[in-house]
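Raw contents of final-v4.txt, compact mmCIF, C-alpha atoms and all ligand atoms:
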```txt
# COMPACT_ATOMS: atom_id res chain seq x y z
CA MET A 1 178.34 43.62 88.92
CA ASN A 2 176.43 46.94 89.04
CA LYS A 3 172.64 47.02 89.04
CA ALA A 4 170.64 49.33 86.76
CA LYS A 5 167.36 51.05 87.56
CA ILE A 6 164.82 53.38 86.03
CA ILE A 7 165.38 56.66 87.88
CA SER A 8 162.56 58.68 86.32
CA THR A 9 160.06 58.72 83.47
CA GLY A 10 158.42 61.33 81.25
CA SER A 11 156.00 61.39 78.33
CA TYR A 12 154.42 63.65 75.76
CA VAL A 13 151.58 63.27 73.30
CA PRO A 14 150.57 65.89 70.69
CA GLU A 15 147.48 67.96 71.51
CA ASN A 16 145.70 67.05 68.28
CA ILE A 17 143.07 64.32 68.96
CA VAL A 18 141.57 62.29 66.08
CA THR A 19 138.55 60.23 67.10
CA ASN A 20 137.12 57.09 65.49
CA ARG A 21 134.11 59.19 64.48
CA GLN A 22 136.42 61.53 62.54
CA LEU A 23 137.97 58.53 60.76
CA GLU A 24 134.49 57.35 59.75
CA LYS A 25 134.46 60.41 57.46
CA LYS A 26 137.77 59.47 55.78
CA VAL A 27 137.47 55.69 55.22
CA ASP A 28 134.80 52.98 55.25
CA THR A 29 134.94 52.14 58.96
CA SER A 30 132.98 52.68 62.17
CA ASP A 31 133.64 53.56 65.78
CA GLU A 32 132.06 50.20 66.73
CA TRP A 33 134.35 48.16 64.44
CA ILE A 34 137.50 49.92 65.61
CA PHE A 35 136.64 49.76 69.31
CA GLU A 36 135.49 46.13 69.25
CA ARG A 37 138.48 44.87 67.23
CA THR A 38 141.20 47.00 68.84
CA GLY A 39 140.02 48.84 71.98
CA ILE A 40 140.93 52.20 70.40
CA ARG A 41 138.61 55.25 70.65
CA GLU A 42 141.00 58.02 69.65
CA ARG A 43 144.65 58.75 68.91
CA ARG A 44 147.00 61.76 68.94
CA ILE A 45 148.41 63.00 65.65
CA ALA A 46 151.46 65.28 65.46
CA LEU A 47 150.75 68.80 64.25
CA LYS A 48 152.00 69.94 60.85
CA GLY A 49 155.74 70.51 61.14
CA GLN A 50 156.07 68.52 64.38
CA ALA A 51 158.69 65.76 64.00
CA ALA A 52 159.74 62.82 66.16
CA SER A 53 162.52 64.80 67.88
CA ASP A 54 160.01 67.49 68.91
CA LEU A 55 157.88 64.89 70.71
CA ALA A 56 161.01 63.23 72.15
CA TYR A 57 162.28 66.59 73.43
CA GLU A 58 159.15 67.22 75.54
CA ALA A 59 159.17 63.72 77.06
CA SER A 60 162.93 63.89 77.72
CA LYS A 61 162.77 67.33 79.38
CA SER A 62 160.22 65.94 81.81
CA ALA A 63 162.27 62.79 82.60
CA VAL A 64 165.50 64.78 83.06
CA LYS A 65 163.74 67.23 85.41
CA LYS A 66 162.16 64.45 87.47
CA ALA A 67 165.55 62.73 87.83
CA GLY A 68 166.92 65.94 89.35
CA ILE A 69 169.80 66.06 86.89
CA LYS A 70 170.99 68.36 84.11
CA ALA A 71 171.07 67.37 80.42
CA LYS A 72 174.88 67.71 80.59
CA ASP A 73 174.95 64.84 83.13
CA LEU A 74 173.69 62.40 80.49
CA ASP A 75 176.43 60.20 79.06
CA MET A 76 174.27 58.36 76.52
CA ILE A 77 171.06 59.01 74.58
CA ILE A 78 169.26 56.09 72.95
CA VAL A 79 166.23 56.83 70.80
CA ALA A 80 164.04 53.89 69.79
CA THR A 81 162.12 54.87 66.67
CA VAL A 82 161.25 53.79 63.13
CA THR A 83 159.85 57.21 62.23
CA GLY A 84 162.78 59.51 62.97
CA ASP A 85 163.09 63.10 61.70
CA MET A 86 165.14 62.00 58.67
CA GLN A 87 167.05 59.03 57.26
CA PHE A 88 170.20 60.40 58.90
CA PRO A 89 171.56 61.79 61.16
CA SER A 90 169.96 59.92 64.02
CA THR A 91 167.04 61.49 65.84
CA ALA A 92 169.09 60.92 69.02
CA CYS A 93 171.74 63.40 67.75
CA ILE A 94 169.07 65.99 66.91
CA LEU A 95 167.60 65.48 70.39
CA GLN A 96 171.05 65.77 71.97
CA ASP A 97 171.53 69.18 70.36
CA ARG A 98 168.08 70.38 71.45
CA LEU A 99 168.66 69.24 75.05
CA GLY A 100 172.23 70.56 75.23
CA ALA A 101 173.35 67.11 76.37
CA SER A 102 176.87 67.69 75.09
CA ASN A 103 178.51 64.87 77.07
CA ALA A 104 176.39 62.04 75.64
CA ALA A 105 176.97 59.51 72.88
CA ALA A 106 173.72 59.46 70.92
CA PHE A 107 172.25 56.87 68.57
CA ASP A 108 168.94 55.40 67.36
CA ILE A 109 167.75 51.82 67.40
CA GLY A 110 165.03 50.35 65.18
CA ALA A 111 163.00 47.51 66.63
CA ALA A 112 159.57 49.03 65.91
CA CYS A 113 157.09 48.44 68.74
CA SER A 114 159.71 46.49 70.74
CA GLY A 115 162.15 49.42 70.52
CA PHE A 116 161.80 50.62 74.11
CA ILE A 117 162.47 47.13 75.52
CA TYR A 118 165.45 46.70 73.16
CA GLY A 119 166.74 50.09 74.30
CA LEU A 120 166.21 49.19 77.95
CA SER A 121 168.24 46.03 77.45
CA ILE A 122 171.11 48.03 75.87
CA ALA A 123 170.96 50.70 78.59
CA GLU A 124 170.83 48.11 81.37
CA ASN A 125 173.97 46.43 80.06
CA PHE A 126 175.91 49.70 79.65
CA ILE A 127 175.09 50.59 83.25
CA LYS A 128 175.84 47.11 84.58
CA SER A 129 179.24 47.05 82.89
CA GLY A 130 180.12 50.42 84.43
CA ALA A 131 180.75 51.99 80.99
CA ARG A 132 177.97 54.59 81.42
CA GLU A 133 176.18 56.15 84.41
CA LYS A 134 173.19 58.19 83.19
CA ILE A 135 171.35 57.13 80.06
CA LEU A 136 168.34 58.82 78.50
CA LEU A 137 166.19 56.27 76.70
CA VAL A 138 163.33 57.55 74.53
CA GLY A 139 160.66 55.64 72.63
CA VAL A 140 159.14 57.98 70.06
CA GLU A 141 157.06 57.64 66.92
CA ALA A 142 155.38 59.88 64.38
CA LEU A 143 153.62 56.94 62.73
CA SER A 144 150.99 59.24 61.23
CA ARG A 145 153.65 60.27 58.67
CA TYR A 146 153.85 56.66 57.40
CA THR A 147 150.15 55.90 57.63
CA ASP A 148 148.10 55.45 54.47
CA TRP A 149 145.01 57.50 55.35
CA GLU A 150 143.14 55.73 52.53
CA ASP A 151 143.78 52.22 53.96
CA ARG A 152 141.16 51.37 56.59
CA THR A 153 143.02 48.23 57.67
CA THR A 154 145.93 50.26 59.09
CA CYS A 155 144.98 53.95 59.46
CA VAL A 156 142.67 53.29 62.40
CA LEU A 157 145.44 51.66 64.45
CA PHE A 158 148.30 54.10 64.90
CA GLY A 159 149.05 57.25 66.87
CA ASP A 160 151.97 59.58 67.64
CA GLY A 161 153.75 60.19 70.96
CA ALA A 162 156.90 59.88 73.03
CA GLY A 163 157.95 58.35 76.34
CA ALA A 164 161.31 58.70 78.08
CA ALA A 165 163.21 57.20 80.99
CA ILE A 166 166.50 57.93 82.71
CA ILE A 167 168.41 54.72 83.43
CA GLY A 168 171.17 54.84 86.03
CA LEU A 169 172.99 52.96 88.76
CA SER A 170 170.90 51.33 91.46
CA THR A 171 172.16 51.74 94.99
CA ASP A 172 169.07 50.25 96.65
CA ASP A 173 166.68 47.35 96.18
CA SER A 174 164.95 48.70 93.10
CA CYS A 175 166.45 47.51 89.80
CA ILE A 176 165.94 46.12 86.35
CA ILE A 177 166.00 42.43 87.25
CA ALA A 178 166.22 41.13 83.70
CA THR A 179 165.57 42.00 80.07
CA ASP A 180 165.03 39.53 77.26
CA ILE A 181 164.95 40.45 73.57
CA GLN A 182 164.16 38.13 70.67
CA SER A 183 163.39 38.33 66.95
CA ASP A 184 162.45 36.24 63.91
CA GLY A 185 163.42 37.92 60.65
CA SER A 186 161.66 35.28 58.56
CA MET A 187 158.48 37.29 59.12
CA TRP A 188 160.00 40.69 58.19
CA ASP A 189 157.27 41.30 55.60
CA TYR A 190 154.41 41.05 58.12
CA ILE A 191 154.79 44.78 58.94
CA HIS A 192 156.90 46.99 56.73
CA VAL A 193 157.21 50.16 54.67
CA PRO A 194 158.19 48.90 51.18
CA ALA A 195 159.97 51.98 49.75
CA GLY A 196 162.18 54.86 50.81
CA GLY A 197 165.22 52.76 51.73
CA SER A 198 168.07 51.40 49.57
CA ARG A 199 165.95 48.48 48.25
CA LYS A 200 163.37 50.75 46.62
CA PRO A 201 164.51 54.36 46.73
CA CYS A 202 161.91 57.07 46.42
CA SER A 203 160.70 57.57 42.83
CA LYS A 204 157.54 58.77 41.11
CA GLU A 205 156.53 55.11 40.79
CA THR A 206 156.96 54.35 44.52
CA VAL A 207 154.92 57.43 45.39
CA ASP A 208 152.19 56.60 42.85
CA LYS A 209 151.98 53.03 44.18
CA ARG A 210 151.75 54.31 47.80
CA LEU A 211 154.81 52.27 48.78
CA HIS A 212 155.98 54.75 51.45
CA PHE A 213 153.21 53.74 53.81
CA ILE A 214 152.91 50.97 56.40
CA ARG A 215 151.79 47.57 55.07
CA MET A 216 150.67 45.02 57.64
CA LYS A 217 149.41 41.44 57.61
CA GLY A 218 147.25 42.14 60.65
CA ASN A 219 145.70 38.76 61.21
CA GLU A 220 148.94 36.77 60.88
CA THR A 221 150.74 39.29 63.12
CA PHE A 222 147.99 39.00 65.73
CA LYS A 223 148.48 35.24 66.08
CA VAL A 224 152.27 35.42 66.44
CA ALA A 225 151.92 38.30 68.92
CA VAL A 226 149.66 36.36 71.29
CA LYS A 227 151.92 33.28 71.19
CA THR A 228 155.26 35.04 71.65
CA LEU A 229 154.08 37.51 74.29
CA GLU A 230 152.72 34.72 76.43
CA SER A 231 155.87 32.60 76.13
CA ILE A 232 158.37 35.43 76.72
CA ALA A 233 156.47 36.64 79.80
CA LEU A 234 156.39 33.16 81.32
CA GLU A 235 160.05 32.48 80.42
CA THR A 236 161.21 35.76 81.99
CA LEU A 237 159.27 35.12 85.19
CA GLU A 238 160.40 31.50 85.43
CA LYS A 239 164.09 32.34 84.87
CA ASN A 240 163.84 34.80 87.75
CA LYS A 241 161.86 32.45 90.00
CA LEU A 242 158.74 34.59 90.09
CA LYS A 243 155.11 33.61 89.54
CA PRO A 244 152.68 35.76 87.52
CA SER A 245 150.66 36.26 90.73
CA GLN A 246 153.65 38.12 92.26
CA LEU A 247 153.42 40.83 89.61
CA SER A 248 151.80 44.09 90.70
CA LEU A 249 151.46 45.36 87.16
CA LEU A 250 151.88 44.16 83.59
CA ILE A 251 152.64 46.99 81.16
CA PRO A 252 152.17 45.57 77.67
CA HIS A 253 152.71 47.28 74.33
CA GLN A 254 149.37 48.83 73.39
CA ALA A 255 148.72 47.36 69.91
CA ASN A 256 145.36 45.70 70.39
CA LEU A 257 143.21 45.24 73.51
CA ARG A 258 142.39 41.68 72.44
CA ILE A 259 146.11 40.77 72.34
CA ILE A 260 146.55 42.33 75.80
CA GLN A 261 143.53 40.44 77.20
CA ALA A 262 144.68 37.13 75.71
CA THR A 263 148.16 37.51 77.23
CA ALA A 264 146.75 38.47 80.64
CA LYS A 265 144.41 35.47 80.55
CA ARG A 266 147.20 33.04 79.76
CA LEU A 267 149.26 34.49 82.63
CA GLY A 268 146.22 34.22 84.93
CA LEU A 269 146.41 37.96 85.66
CA PRO A 270 143.22 39.92 86.47
CA MET A 271 142.77 42.96 84.18
CA GLU A 272 143.15 45.29 87.20
CA LYS A 273 146.82 44.33 87.14
CA VAL A 274 147.25 45.32 83.51
CA MET A 275 148.04 48.87 82.40
CA ILE A 276 145.82 49.87 79.48
CA ASN A 277 145.61 53.24 77.75
CA ILE A 278 145.16 52.13 74.12
CA GLU A 279 141.69 53.70 74.15
CA LYS A 280 143.26 57.20 74.23
CA TYR A 281 146.39 56.79 72.12
CA GLY A 282 146.11 53.79 69.77
CA ASN A 283 149.33 51.99 68.85
CA THR A 284 152.23 54.41 69.29
CA SER A 285 154.81 51.68 68.59
CA ALA A 286 158.10 52.30 70.50
CA ALA A 287 156.42 55.06 72.53
CA SER A 288 153.58 52.97 73.90
CA ILE A 289 155.34 51.30 76.83
CA PRO A 290 157.15 54.39 78.16
CA ILE A 291 153.94 56.46 77.84
CA ALA A 292 152.02 53.78 79.77
CA LEU A 293 154.83 53.45 82.33
CA ASP A 294 154.88 57.21 82.94
CA GLU A 295 151.09 57.20 83.36
CA ALA A 296 151.32 54.26 85.79
CA VAL A 297 153.96 56.10 87.85
CA ASN A 298 152.04 59.40 87.82
CA THR A 299 148.77 57.76 88.89
CA GLY A 300 150.36 55.71 91.70
CA ARG A 301 149.82 52.35 90.00
CA VAL A 302 153.51 51.54 90.48
CA ARG A 303 154.89 51.71 94.00
CA SER A 304 158.26 51.11 95.56
CA GLY A 305 158.97 47.37 95.92
CA ASP A 306 156.45 46.31 93.20
CA TYR A 307 157.38 43.72 90.61
CA ILE A 308 156.35 44.94 87.15
CA LEU A 309 156.72 43.32 83.76
CA LEU A 310 157.00 45.24 80.49
CA GLU A 311 156.47 43.37 77.24
CA ALA A 312 156.29 44.29 73.58
CA PHE A 313 155.94 42.88 70.11
CA GLY A 314 156.47 44.51 66.73
CA ALA A 315 157.81 44.65 63.20
CA GLY A 316 160.87 42.56 62.47
CA LEU A 317 159.31 40.54 63.91
CA THR A 318 160.75 41.49 67.28
CA TRP A 319 159.59 40.96 70.83
CA GLY A 320 160.93 41.42 74.33
CA SER A 321 160.28 41.73 78.02
CA ALA A 322 161.72 43.52 81.03
CA LEU A 323 161.21 42.48 84.63
CA ILE A 324 161.63 45.33 87.09
CA LYS A 325 161.58 45.73 90.85
CA TRP A 326 160.35 49.31 91.32
N1 LIG A 401 136.84 49.09 59.55
C1 LIG A 401 135.92 48.18 59.12
N2 LIG A 401 136.26 46.98 58.63
C2 LIG A 401 137.58 46.69 58.57
C3 LIG A 401 138.58 47.60 58.98
C4 LIG A 401 138.15 48.85 59.48
N3 LIG A 401 139.03 49.79 59.93
N4 LIG A 401 139.79 47.03 58.81
C5 LIG A 401 139.57 45.81 58.30
N5 LIG A 401 138.24 45.61 58.13
C6 LIG A 401 137.57 44.42 57.61
C7 LIG A 401 138.49 43.61 56.72
O1 LIG A 401 138.49 44.10 55.40
C8 LIG A 401 137.85 42.23 56.84
O2 LIG A 401 136.73 42.18 55.98
P1 LIG A 401 136.42 40.84 55.11
O3 LIG A 401 136.19 39.77 56.16
O4 LIG A 401 135.22 41.23 54.34
O5 LIG A 401 137.66 40.61 54.30
C9 LIG A 401 137.33 42.20 58.27
O6 LIG A 401 137.24 43.56 58.70
C10 LIG A 401 138.23 41.44 59.22
O7 LIG A 401 139.58 41.84 59.01
P2 LIG A 401 140.75 41.20 59.83
O8 LIG A 401 142.07 41.77 59.33
O9 LIG A 401 140.63 39.71 59.84
O10 LIG A 401 140.45 41.77 61.29
P3 LIG A 401 141.13 41.39 62.64
O11 LIG A 401 140.12 40.96 63.59
O12 LIG A 401 142.36 40.54 62.46
O13 LIG A 401 141.63 42.83 63.14
C11 LIG A 401 143.69 44.07 63.33
C12 LIG A 401 142.60 43.55 62.41
C13 LIG A 401 143.04 45.04 64.29
C14 LIG A 401 144.73 44.79 62.49
C15 LIG A 401 144.34 42.90 64.12
O14 LIG A 401 144.64 41.86 63.23
C16 LIG A 401 145.59 43.29 64.86
O15 LIG A 401 145.55 44.04 65.80
N6 LIG A 401 146.76 42.71 64.49
C17 LIG A 401 148.00 42.87 65.20
C18 LIG A 401 148.64 44.19 65.00
C19 LIG A 401 149.96 44.24 65.74
O16 LIG A 401 150.12 43.76 66.84
N7 LIG A 401 150.99 44.85 65.14
C20 LIG A 401 152.30 44.84 65.76
C21 LIG A 401 152.77 46.14 66.07
S1 LIG A 401 152.77 47.31 64.74
C22 LIG A 401 154.40 47.86 64.51
O17 LIG A 401 155.33 47.21 64.84
C23 LIG A 401 154.61 49.21 63.84
```

Rewrite the structure of this file - the entire thing - as structure tokens.
Amino acid sequence: MNKAKIISTGSYVPENIVTNRQLEKKVDTSDEWIFERTGIRERRIALKGQAASDLAYEASKSAVKKAGIKAKDLDMIIVATVTGDMQFPSTACILQDRLGASNAAAFDIGAACSGFIYGLSIAENFIKSGAREKILLVGVEALSRYTDWEDRTTCVLFGDGAGAAIIGLSTDDSCIIATDIQSDGSMWDYIHVPAGGSRKPCSKETVDKRLHFIRMKGNETFKVAVKTLESIALETLEKNKLKPSQLSLLIPHQANLRIIQATAKRLGLPMEKVMINIEKYGNTSAASIPIALDEAVNTGRVRSGDYILLEAFGAGLTWGSALIKW
């Protein structure tokens, strides 16, 4: 069986920075509350007119360039997003057109914050089976478009951005060792956008009731996140006969610093071995892991031969992990 690997990474965040202090002027909150409860200081918000595919395009261009390939070499484009440009067509098709990646099959997947790991699992299996050779995987979100800027319990959490990776055949030691994806739909209402789909199509009433914005049961979600992230990380390591101490870096989804710290503690990992950038970007959902991965690569925190673990948790509820030898 073939082995798959991450050949290159890229990322992009909008230039527009919104700090906690700026949010203090919009809702009843404080920099202290936000930082203490979440670890977030600021987030990037897409400029007026900037859509998910625009962010994805910048991150993808960088990943394609670093892989030393042309967009026409791509045979698949997977975009993980829950905030695509429009209901349909897929953001992946819009991105395909922009990149000129005319030889790719393009589609979106929706697993919220776990989207990049879900996409990695799909890409890994397409490469392993030999059906595809060069896959562009993008995690992108424009969550600011679904954020209720009058709701202090959610508007302080999210940010916009994109991260990309090229997944291809491994001909050396470095590879995606394993991916694991799981979900529990019984908790679908923990994080959701009530209207705008076929259940509650857009109407004056849905707009008046602010049903097109993210609703989240934060506290309940927090508890499930800590439990599932710990168990999936340990399961993935155990199945592949590795101990947490053998990991060089844990790259968790950046939803809340306290969730990240709790997971690291249960794995017995010192915080130096955990990639954290939530302070700068907030929760960028499907984009958070590929943005953090690209930053880790660019700053030399991931080196050839390192074992790294990616893990995420999000709406659905969904969660997943990916064990990689870099
Ligand atoms: N500023 C000031 N006070 C606030 C704010 C705010 N921005 N937000 C909430 N509060 C208040 C609440 O009203 C509450 O007040 P009360 O006690 O008088 O009722 C108090 O602070 C505590 O609220 P909690 O919700 O219990 O705060 P908690 O410590 O749980 O933190 C948070 C909330 C940050 C949302 C946390 O629960 C969390 O991070 N949850 C997990 C989020 C997550 O992982 N989501 C998954 C990914 S998202 C996706 O898939 C798109």

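Distances to ligand LIG 401 (chain A) were evaluated for A:Ile308, A:Ala56, A:Met271, A:Ile260 using only C-alpha atoms and all ligand atoms, and the minimum falls at A:Ile260.
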
Please produce, as a Markdown table, a per-residue contact table for chain A versus ligand LIG 401 (chain A) (criterion: any atom at most 9 Å away, all atoms listed in the file considered), showing the nearest atom pair and its distance in Å to one decimal, sorted by chain then residue number.
```
| residue | atom | partner | partner_atom | distance |
| --- | --- | --- | --- | --- |
| A:Leu23 | CA | A:LIG401 | N3 | 8.8 |
| A:Glu24 | CA | A:LIG401 | N1 | 8.6 |
| A:Val27 | CA | A:LIG401 | N3 | 7.7 |
| A:Asp28 | CA | A:LIG401 | N1 | 6.1 |
| A:Thr29 | CA | A:LIG401 | N1 | 3.6 |
| A:Ser30 | CA | A:LIG401 | N1 | 5.9 |
| A:Asp31 | CA | A:LIG401 | N1 | 8.3 |
| A:Glu32 | CA | A:LIG401 | N1 | 8.7 |
| A:Trp33 | CA | A:LIG401 | C1 | 5.5 |
| A:Ile34 | CA | A:LIG401 | N3 | 5.9 |
| A:Glu36 | CA | A:LIG401 | O11 | 9.0 |
| A:Arg37 | CA | A:LIG401 | C13 | 5.4 |
| A:Thr38 | CA | A:LIG401 | C13 | 5.3 |
| A:Val82 | CA | A:LIG401 | C23 | 8.1 |
| A:Ala111 | CA | A:LIG401 | O17 | 7.9 |
| A:Ala112 | CA | A:LIG401 | O17 | 4.7 |
| A:Cys113 | CA | A:LIG401 | O17 | 4.5 |
| A:Ser114 | CA | A:LIG401 | O17 | 7.4 |
| A:Leu143 | CA | A:LIG401 | C23 | 7.9 |
| A:Asp151 | CA | A:LIG401 | N3 | 8.0 |
| A:Arg152 | CA | A:LIG401 | N3 | 4.3 |
| A:Thr153 | CA | A:LIG401 | N4 | 3.6 |
| A:Thr154 | CA | A:LIG401 | C14 | 6.6 |
| A:Cys155 | CA | A:LIG401 | N3 | 7.3 |
| A:Val156 | CA | A:LIG401 | N3 | 5.6 |
| A:Leu157 | CA | A:LIG401 | C13 | 7.0 |
| A:Phe158 | CA | A:LIG401 | C23 | 8.1 |
| A:Tyr190 | CA | A:LIG401 | N7 | 8.7 |
| A:Ile191 | CA | A:LIG401 | C22 | 6.4 |
| A:His192 | CA | A:LIG401 | C23 | 7.8 |
| A:Ile214 | CA | A:LIG401 | C23 | 7.8 |
| A:Met216 | CA | A:LIG401 | N7 | 7.5 |
| A:Lys217 | CA | A:LIG401 | O14 | 7.4 |
| A:Gly218 | CA | A:LIG401 | O14 | 3.7 |
| A:Asn219 | CA | A:LIG401 | O14 | 3.8 |
| A:Glu220 | CA | A:LIG401 | O14 | 7.1 |
| A:Thr221 | CA | A:LIG401 | C17 | 5.0 |
| A:Phe222 | CA | A:LIG401 | C17 | 3.9 |
| A:Lys223 | CA | A:LIG401 | C17 | 7.7 |
| A:Val224 | CA | A:LIG401 | O16 | 8.6 |
| A:Ala225 | CA | A:LIG401 | O16 | 6.1 |
| A:Val226 | CA | A:LIG401 | O16 | 8.6 |
| A:His253 | CA | A:LIG401 | C21 | 8.3 |
| A:Gln254 | CA | A:LIG401 | O16 | 8.3 |
| A:Ala255 | CA | A:LIG401 | O16 | 4.9 |
| A:Asn256 | CA | A:LIG401 | O15 | 4.9 |
| A:Leu257 | CA | A:LIG401 | O15 | 8.1 |
| A:Arg258 | CA | A:LIG401 | O15 | 7.7 |
| A:Ile259 | CA | A:LIG401 | O15 | 7.3 |
| A:Asn283 | CA | A:LIG401 | S1 | 7.1 |
| A:Thr284 | CA | A:LIG401 | C23 | 7.9 |
| A:Ser285 | CA | A:LIG401 | C23 | 5.4 |
| A:Ala286 | CA | A:LIG401 | O17 | 8.1 |
| A:Ala312 | CA | A:LIG401 | C21 | 8.5 |
| A:Phe313 | CA | A:LIG401 | C20 | 6.0 |
| A:Gly314 | CA | A:LIG401 | O17 | 3.5 |
| A:Ala315 | CA | A:LIG401 | O17 | 3.9 |
| A:Gly316 | CA | A:LIG401 | O17 | 7.6 |
| A:Leu317 | CA | A:LIG401 | O17 | 7.8 |
| A:Thr318 | CA | A:LIG401 | O17 | 8.2 |
```

Could you write out the selected residues, including C-alpha atoms, as a PDB file, in the frame of the given file?
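Generated output (selection.pdb):
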```pdb
ATOM      1  CA  LEU A  23     137.970  58.530  60.760  1.00  0.00           C
ATOM      2  CA  GLU A  24     134.490  57.350  59.750  1.00  0.00           C
ATOM      3  CA  VAL A  27     137.470  55.690  55.220  1.00  0.00           C
ATOM      4  CA  ASP A  28     134.800  52.980  55.250  1.00  0.00           C
ATOM      5  CA  THR A  29     134.940  52.140  58.960  1.00  0.00           C
ATOM      6  CA  SER A  30     132.980  52.680  62.170  1.00  0.00           C
ATOM      7  CA  ASP A  31     133.640  53.560  65.780  1.00  0.00           C
ATOM      8  CA  GLU A  32     132.060  50.200  66.730  1.00  0.00           C
ATOM      9  CA  TRP A  33     134.350  48.160  64.440  1.00  0.00           C
ATOM     10  CA  ILE A  34     137.500  49.920  65.610  1.00  0.00           C
ATOM     11  CA  GLU A  36     135.490  46.130  69.250  1.00  0.00           C
ATOM     12  CA  ARG A  37     138.480  44.870  67.230  1.00  0.00           C
ATOM     13  CA  THR A  38     141.200  47.000  68.840  1.00  0.00           C
ATOM     14  CA  VAL A  82     161.250  53.790  63.130  1.00  0.00           C
ATOM     15  CA  ALA A 111     163.000  47.510  66.630  1.00  0.00           C
ATOM     16  CA  ALA A 112     159.570  49.030  65.910  1.00  0.00           C
ATOM     17  CA  CYS A 113     157.090  48.440  68.740  1.00  0.00           C
ATOM     18  CA  SER A 114     159.710  46.490  70.740  1.00  0.00           C
ATOM     19  CA  LEU A 143     153.620  56.940  62.730  1.00  0.00           C
ATOM     20  CA  ASP A 151     143.780  52.220  53.960  1.00  0.00           C
ATOM     21  CA  ARG A 152     141.160  51.370  56.590  1.00  0.00           C
ATOM     22  CA  THR A 153     143.020  48.230  57.670  1.00  0.00           C
ATOM     23  CA  THR A 154     145.930  50.260  59.090  1.00  0.00           C
ATOM     24  CA  CYS A 155     144.980  53.950  59.460  1.00  0.00           C
ATOM     25  CA  VAL A 156     142.670  53.290  62.400  1.00  0.00           C
ATOM     26  CA  LEU A 157     145.440  51.660  64.450  1.00  0.00           C
ATOM     27  CA  PHE A 158     148.300  54.100  64.900  1.00  0.00           C
ATOM     28  CA  TYR A 190     154.410  41.050  58.120  1.00  0.00           C
ATOM     29  CA  ILE A 191     154.790  44.780  58.940  1.00  0.00           C
ATOM     30  CA  HIS A 192     156.900  46.990  56.730  1.00  0.00           C
ATOM     31  CA  ILE A 214     152.910  50.970  56.400  1.00  0.00           C
ATOM     32  CA  MET A 216     150.670  45.020  57.640  1.00  0.00           C
ATOM     33  CA  LYS A 217     149.410  41.440  57.610  1.00  0.00           C
ATOM     34  CA  GLY A 218     147.250  42.140  60.650  1.00  0.00           C
ATOM     35  CA  ASN A 219     145.700  38.760  61.210  1.00  0.00           C
ATOM     36  CA  GLU A 220     148.940  36.770  60.880  1.00  0.00           C
ATOM     37  CA  THR A 221     150.740  39.290  63.120  1.00  0.00           C
ATOM     38  CA  PHE A 222     147.990  39.000  65.730  1.00  0.00           C
ATOM     39  CA  LYS A 223     148.480  35.240  66.080  1.00  0.00           C
ATOM     40  CA  VAL A 224     152.270  35.420  66.440  1.00  0.00           C
ATOM     41  CA  ALA A 225     151.920  38.300  68.920  1.00  0.00           C
ATOM     42  CA  VAL A 226     149.660  36.360  71.290  1.00  0.00           C
ATOM     43  CA  HIS A 253     152.710  47.280  74.330  1.00  0.00           C
ATOM     44  CA  GLN A 254     149.370  48.830  73.390  1.00  0.00           C
ATOM     45  CA  ALA A 255     148.720  47.360  69.910  1.00  0.00           C
ATOM     46  CA  ASN A 256     145.360  45.700  70.390  1.00  0.00           C
ATOM     47  CA  LEU A 257     143.210  45.240  73.510  1.00  0.00           C
ATOM     48  CA  ARG A 258     142.390  41.680  72.440  1.00  0.00           C
ATOM     49  CA  ILE A 259     146.110  40.770  72.340  1.00  0.00           C
ATOM     50  CA  ASN A 283     149.330  51.990  68.850  1.00  0.00           C
ATOM     51  CA  THR A 284     152.230  54.410  69.290  1.00  0.00           C
ATOM     52  CA  SER A 285     154.810  51.680  68.590  1.00  0.00           C
ATOM     53  CA  ALA A 286     158.100  52.300  70.500  1.00  0.00           C
ATOM     54  CA  ALA A 312     156.290  44.290  73.580  1.00  0.00           C
ATOM     55  CA  PHE A 313     155.940  42.880  70.110  1.00  0.00           C
ATOM     56  CA  GLY A 314     156.470  44.510  66.730  1.00  0.00           C
ATOM     57  CA  ALA A 315     157.810  44.650  63.200  1.00  0.00           C
ATOM     58  CA  GLY A 316     160.870  42.560  62.470  1.00  0.00           C
ATOM     59  CA  LEU A 317     159.310  40.540  63.910  1.00  0.00           C
ATOM     60  CA  THR A 318     160.750  41.490  67.280  1.00  0.00           C
TER      61      THR A 318
END
```

Residue list as a VMD selection string for point (174.8, 47.8, 86.8), cut-off 6 Å, only C-alpha atoms: chain A and resid 1 to 4 127 to 129 169

Nearby residues, (153.7, 55.7, 86.6) file frame, 12 Å, only C-alpha atoms, as a ChimeraX atom specification: /A:6-11,63,163-165,249,251,275,289-304,306,308,326

Exercise: Leu237 of chain A partners within 12 Å, only C-alpha atoms, chain neighbours under 5 positions left out, as JSON, numbers by chain: {"A": [177, 178, 179, 180, 230, 231, 232, 242, 243, 244, 245, 246, 247, 250, 267, 307, 308, 309, 310, 311, 321, 322, 323, 324]}

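Taking all atoms listed in the file into account, Ser288 of chain A lies nearest to A:Phe116 out of the set A:Phe116, A:Tyr57, A:Phe126, A:Phe107.
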
Between atom CA of Gly268 of chain A and atom CA of Glu42 of chain A, distance in Å (one decimal): 28.8 Å
